[in-house]
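A quick write-up on the structure given underneath.
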Amino acid sequence: MRSLRLAILILLAFAAQASAAARPSARTERTGKARAAASRMAMIPAGSYRPLYAPVGTSRIRVAAFALDREPVTRADFLAFVSRQPSWQRGRVRSVFADAGYLADWRGVLDAGDADGLRRPVTQVSWFAARAYCASVGKRLPTVDEWEYAAAANERSSDASGDPAFRARLLALYGGMRRSASDARGFVNVHGVRALHGQVWEWTLDFNSVVLDDDSRTTGSGADARDRHLYCASSAIGATDPSDYPAFLRYAVRAGLGARSTTSTVGFRCAADVPVS
Amino acid sequence: MSLHVDRPRSHTLSQSLLALLVAIIALLLTFTVAGCSRIADAAPAGEHDVVPVRAPSEKIVGEEVAVLTEAPNVPAAITRKHATKVIVNLDVIEKPMRLADGVEYTMWTFGGTMPGRFIRVREGDQVELHLKNHHTSTVPHNIDLHAVTGPGGGAKNSLTMPGGESVFTFSALNPGLYVYHCATSPVPMHIANGMYGMILVEPKGGLPKVDREYYVMQSEFYTTGKFGEKGLQALDMEKGVAEQPTYVVFNGAVGALTGDKALQGKVGERVRLFVGNGGPNLVSSFHVIGEVFDNVYTEGGTTAAQHNVQTTLVPAGGSAIVEFGLEKPGDLILVDHSIFRAFNKGALGVMTVTGEDNPNVFASIKGIAGTH
């Protein structure tokens with residue numbers, strides 16, 4: 001953890017607007033910050049997971065080791081961010097980066113609520129904003145592969161995704177999302193990461209490109225998730241396991257999002273690369 | 001007003017020419033009298049076997065907001081003689097609702113009711129559907145109306161995140177009684193959680209007049225607890241996959257059509273039931289104990305294809321319209337005649353018929369229990 005590598009992967013060209021984070025000159029400054037944040041991150045060892053939609057010829061995808069926030073980013077965290085970077089404040093954020101719902105549930109531009117409110121995961125944030133936040137603390141958003149891999153774990157196993165009891169538990173957690181208290185919700189998994197399920201849905205770096213990469217799986221239709229898979233029963237076509245309802249729910253949420261979208265059920269946490277040893 | 005003349009199978013050439021001449025004259029007369037009426041309009045649906053390629057042809061006059069009703073009620077019959085633009089506002093709301101006494105289930109609803117609100121439009125109407133997903137929802141939703149000719153029945157263009165709204169428009173090309181449902185992945189979960197309702201596209205001439213219309217929709221629930229187990233129940237996926245429901249109900253709950261919520265009728269009245277089946281799995285053998293269906297619009301089509309029917313099949317994701325006259329006071333019992341479902345899982349409703357007794361129709365001669 002001592003030497004977190006801080007290069008931020010800019011994977012998506014259209015997102016270049018928020019790329020202040022990638023300036024080499026900013027790197028040194030943030031090393032200290034990232035170290036301080038290290039205890040808030042868990043090391044996820046390299047491994048593999050079975051994606052809902054797998055490229056032809058594979059059933060598991062390998063994921064390199066990375067670091068992941070133990071907790072979702074809170075309103076308090078995000079308040080500190082918008083205080084430092086006023087261009088991300090409600091009312092000032094450019095409309096290309098967030099729709100009208102951006103931070104709309106805050107009491108004021110710099111008032112994210114009482115102590116209870118401040119502990120809640122921040123929601124009503126766009127992908128652009130989430131990405132900018134992570135960059136501001138020397139991190140990045142996790143990829144879908146990283147997120148799904150980390151989220152396949154329960155308290156004892158790094159891959160509980162095939163366990164019917166685990167699935168039933170996730171469905172119950174998702175169903176109770178709205179009735180959840182501000183904290184103490186969701187379980188801490190074997191990696192030491194809490195509440196990947198059941199508190200909020202979470203942004204991922206490539207949330208809208210997952211299905212684009214595996215066109216070879218169906219006859220190369222080239223369409224995106226909305227076109228191909230995530231409505232009607234057609235979503236079951238090509239799925240590695242049509243019984244993995246929790247995964248279908250997560251993929252449907254991702255399909256329903258645009259990079260400007262802000263909704264009351266979507267928050268995020270940040271990830272970081274770790275050195276290749 | 002068919003333009004066809006008999007096919008000249010065994011006719012002589014001159015007969016054929018004569019027929020052709022007659023046809024041309026008829027055609028000219030038609031255009032003179034009726035203007036440019038379209039062939040598609042010419043033959044009433046259901047009276048021919050020609051496959052029409054339909055197109056919105058009627059002029060859209062005016063605009064109105066559809067009045068949607070909660071089951072068992074049905075919006076009033078449409079009396080206008082022209083097509084119009086109809087705005088339908090449907091709000092998706094996820095909320096715990098009563099499934100049985102002491103039993104709750106977090107229903108995913110169209111319009112906050114179980115089943116989803118009933119939509120009534122007229123053939124030829126241009127419908128503008130506004131689907132809002134309430135900001136308290138946990139997941140995205142969309143809508144597939146089986147009445148829609150278009151991608152995913154609307155589903156492809158209506159995926160809506162919590163707090164969002166989607167709008168699409170369609171022409172009500174085909175009359176009939178249609179199911180609508182959510183088609184967001186995983187679809188079986190959305191339907192198992194209650195996301196279905198019905199839309200009636202009334203034929204241009206309307207339906208025959210009756211005295212009462214009701215909306216009855218069957219569906220199943222797959223709960224983690226046993227039938228009757230108290231508390232908030234969650235979806236049991238394994239039971240869903242195995243197609244072994246815990247509950248089979250009419251209108252979203254055990255007892256939704258019994259006691260003071262029983263359907264009402266009077267001797268001498270004519271009744272029409274719009275019967276739907278949301279599934280997600282079972283086919284219904286819909287039967288009314290103590291009555292015979294005088295007319296059945298099989299599978300929700302526009303022809304009273306069958307008369308004097310005891311039990312009619314209602315497919316999952318399908319419908320039927322049944323009509324009957326009320327001849328005798330007493331309680332009629334609505335059931336799925338796959339009878340364990342009625343007896344043990346909740347598929348039971350009542351229509352209470354009041355009025356003067358009619359012993360000529362039925363009378364008890366000898367037995368333990370008297371008749372009304």
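Each chain of the structure tokens is named A, B, ... in the order shown, its residues numbered from 1; ligands are numbered from 1 in display order.
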
Inset, instruction - With a distance threshold of 9 Å and counting only C-alpha atoms, extract the residues of chain B near chain A and express them as number ranges by chain. - result: B: 106, 135-142, 144, 152, 155-157, 159-164, 182-189, 234-238, 241

Selected residues, C-alpha atoms, written as an mmCIF file, in the first residue's frame, please.
```cif
data_model
loop_
_atom_site.group_PDB
_atom_site.id
_atom_site.type_symbol
_atom_site.label_atom_id
_atom_site.label_comp_id
_atom_site.auth_asym_id
_atom_site.auth_seq_id
_atom_site.Cartn_x
_atom_site.Cartn_y
_atom_site.Cartn_z
ATOM 1 C CA THR B 106 -42.905 -4.957 -1.990
ATOM 2 C CA HIS B 135 -37.641 8.902 -7.333
ATOM 3 C CA THR B 136 -37.984 6.441 -4.466
ATOM 4 C CA SER B 137 -37.615 3.442 -6.778
ATOM 5 C CA THR B 138 -34.582 1.214 -6.463
ATOM 6 C CA VAL B 139 -34.180 0.119 -10.069
ATOM 7 C CA PRO B 140 -34.899 1.272 -13.625
ATOM 8 C CA HIS B 141 -38.160 0.247 -15.258
ATOM 9 C CA ASN B 142 -39.769 0.384 -18.691
ATOM 10 C CA ASP B 144 -43.943 -3.120 -23.076
ATOM 11 C CA GLY B 152 -40.097 -3.905 -27.714
ATOM 12 C CA ALA B 155 -39.764 -1.124 -23.914
ATOM 13 C CA LYS B 156 -36.760 -0.230 -25.951
ATOM 14 C CA ASN B 157 -37.511 3.458 -25.705
ATOM 15 C CA LEU B 159 -35.960 2.474 -19.865
ATOM 16 C CA THR B 160 -36.297 4.963 -17.042
ATOM 17 C CA MET B 161 -34.104 5.450 -14.002
ATOM 18 C CA PRO B 162 -35.578 6.395 -10.616
ATOM 19 C CA GLY B 163 -36.604 10.046 -10.797
ATOM 20 C CA GLY B 164 -36.670 9.986 -14.584
ATOM 21 C CA CYS B 182 -42.331 -4.061 -17.447
ATOM 22 C CA ALA B 183 -39.606 -5.540 -19.607
ATOM 23 C CA THR B 184 -36.492 -4.455 -17.796
ATOM 24 C CA SER B 185 -33.882 -7.068 -17.044
ATOM 25 C CA PRO B 186 -34.366 -9.374 -15.205
ATOM 26 C CA VAL B 187 -37.877 -9.391 -16.671
ATOM 27 C CA PRO B 188 -39.285 -12.315 -14.653
ATOM 28 C CA MET B 189 -38.416 -10.474 -11.449
ATOM 29 C CA ALA B 234 -39.441 -11.351 -0.458
ATOM 30 C CA LEU B 235 -39.269 -12.907 -3.906
ATOM 31 C CA ASP B 236 -38.126 -16.521 -3.888
ATOM 32 C CA MET B 237 -36.344 -16.935 -7.172
ATOM 33 C CA GLU B 238 -36.032 -20.685 -6.906
ATOM 34 C CA VAL B 241 -37.792 -20.754 -11.777
#
```

Legend entry - Counting only C-alpha atoms, the option among B:Leu131, B:Arg98, B:Val275, B:Pro175 closest to B:Arg54: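 Under the stated criterion, the closest residue is B:Pro175.
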
Legend entry - Between atom CA of B:Val216 and atom CA of B:Thr69 - distance in Å to one decimal: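 Value for the atom CA of B:Thr69-atom CA of B:Val216 distance: 12.1 Å.
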
Legend entry - Nearest to B:Lys230 by atom-to-atom distance, counting only C-alpha atoms, from B:Val121, B:Val103, B:Ala262, B:Val296: B:Val103

Inset, instruction - Considering only C-alpha atoms, return as a list in words whatever protein or nucleic-acid residues lie within 10 Å of B:Tyr297, sequence-local ones (same chain, fewer than 5 positions apart) excluded. - result: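 Listed by chain and then number, they are Gly176, Leu177, Phe274, Thr302, Thr303, Ala304, Ala305, Gln306, His307, Thr312, Ser319, Ala320, Ile321, Val322 and Glu323 of chain B.
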
Convert the current residue selection to file output with C-alpha atoms, as a compact mmCIF listing (two decimals), in the first residue's frame.
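Once written, again10.txt looks like this:
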```txt
# COMPACT_ATOMS: atom_id res chain seq x y z
CA GLY B 176 -58.35 -5.62 -28.63
CA LEU B 177 -57.58 -6.17 -24.96
CA PHE B 274 -61.91 -7.79 -18.95
CA THR B 302 -62.35 -8.40 -31.19
CA THR B 303 -64.61 -11.26 -32.22
CA ALA B 304 -66.99 -12.99 -29.85
CA ALA B 305 -65.59 -16.16 -31.26
CA GLN B 306 -67.33 -18.49 -28.90
CA HIS B 307 -70.65 -18.69 -27.06
CA THR B 312 -61.78 -20.13 -20.93
CA SER B 319 -56.35 -11.82 -21.92
CA ALA B 320 -59.94 -12.74 -22.60
CA ILE B 321 -63.17 -10.78 -22.59
CA VAL B 322 -66.15 -12.65 -21.20
CA GLU B 323 -69.76 -11.52 -21.14
```

Inset, instruction - For B:Gly240, work out the shell of residues within 10 Å, counting only C-alpha atoms and skipping chain neighbours fewer than 4 positions away, then give it as a list of chain:residue names. - result: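 My list of contacting residues is B:Pro188, B:Met189, B:Ala192, B:Glu220, B:Phe221, B:Tyr222, B:Thr223, B:Leu235, B:Asp236, B:Gln244, B:Pro245, B:Thr246, B:Pro280, B:Asn281.
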
Legend entry - Shortest interatomic distance to A:Val137 - which of A:Asp116, A:Asp69, A:Asp105, A:Asp111, counting only C-alpha atoms: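 Checking each of A:Asp116, A:Asp69, A:Asp105, A:Asp111 against A:Val137, counting only C-alpha atoms, the winner is A:Asp69.
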
Inset, instruction - Write down as an NGL selection string the residues belonging to stretch 130-309 of chain B that are assigned strand (DSSP E or B) by DSSP computed on the backbone. - result: :B and (130-133 or 141 or 144-145 or 160 or 165-171 or 176-181 or 184 or 196-202 or 212-221 or 223 or 231-233 or 235 or 247-250 or 263-266 or 270-279 or 284-289 or 293-297 or 306-309)
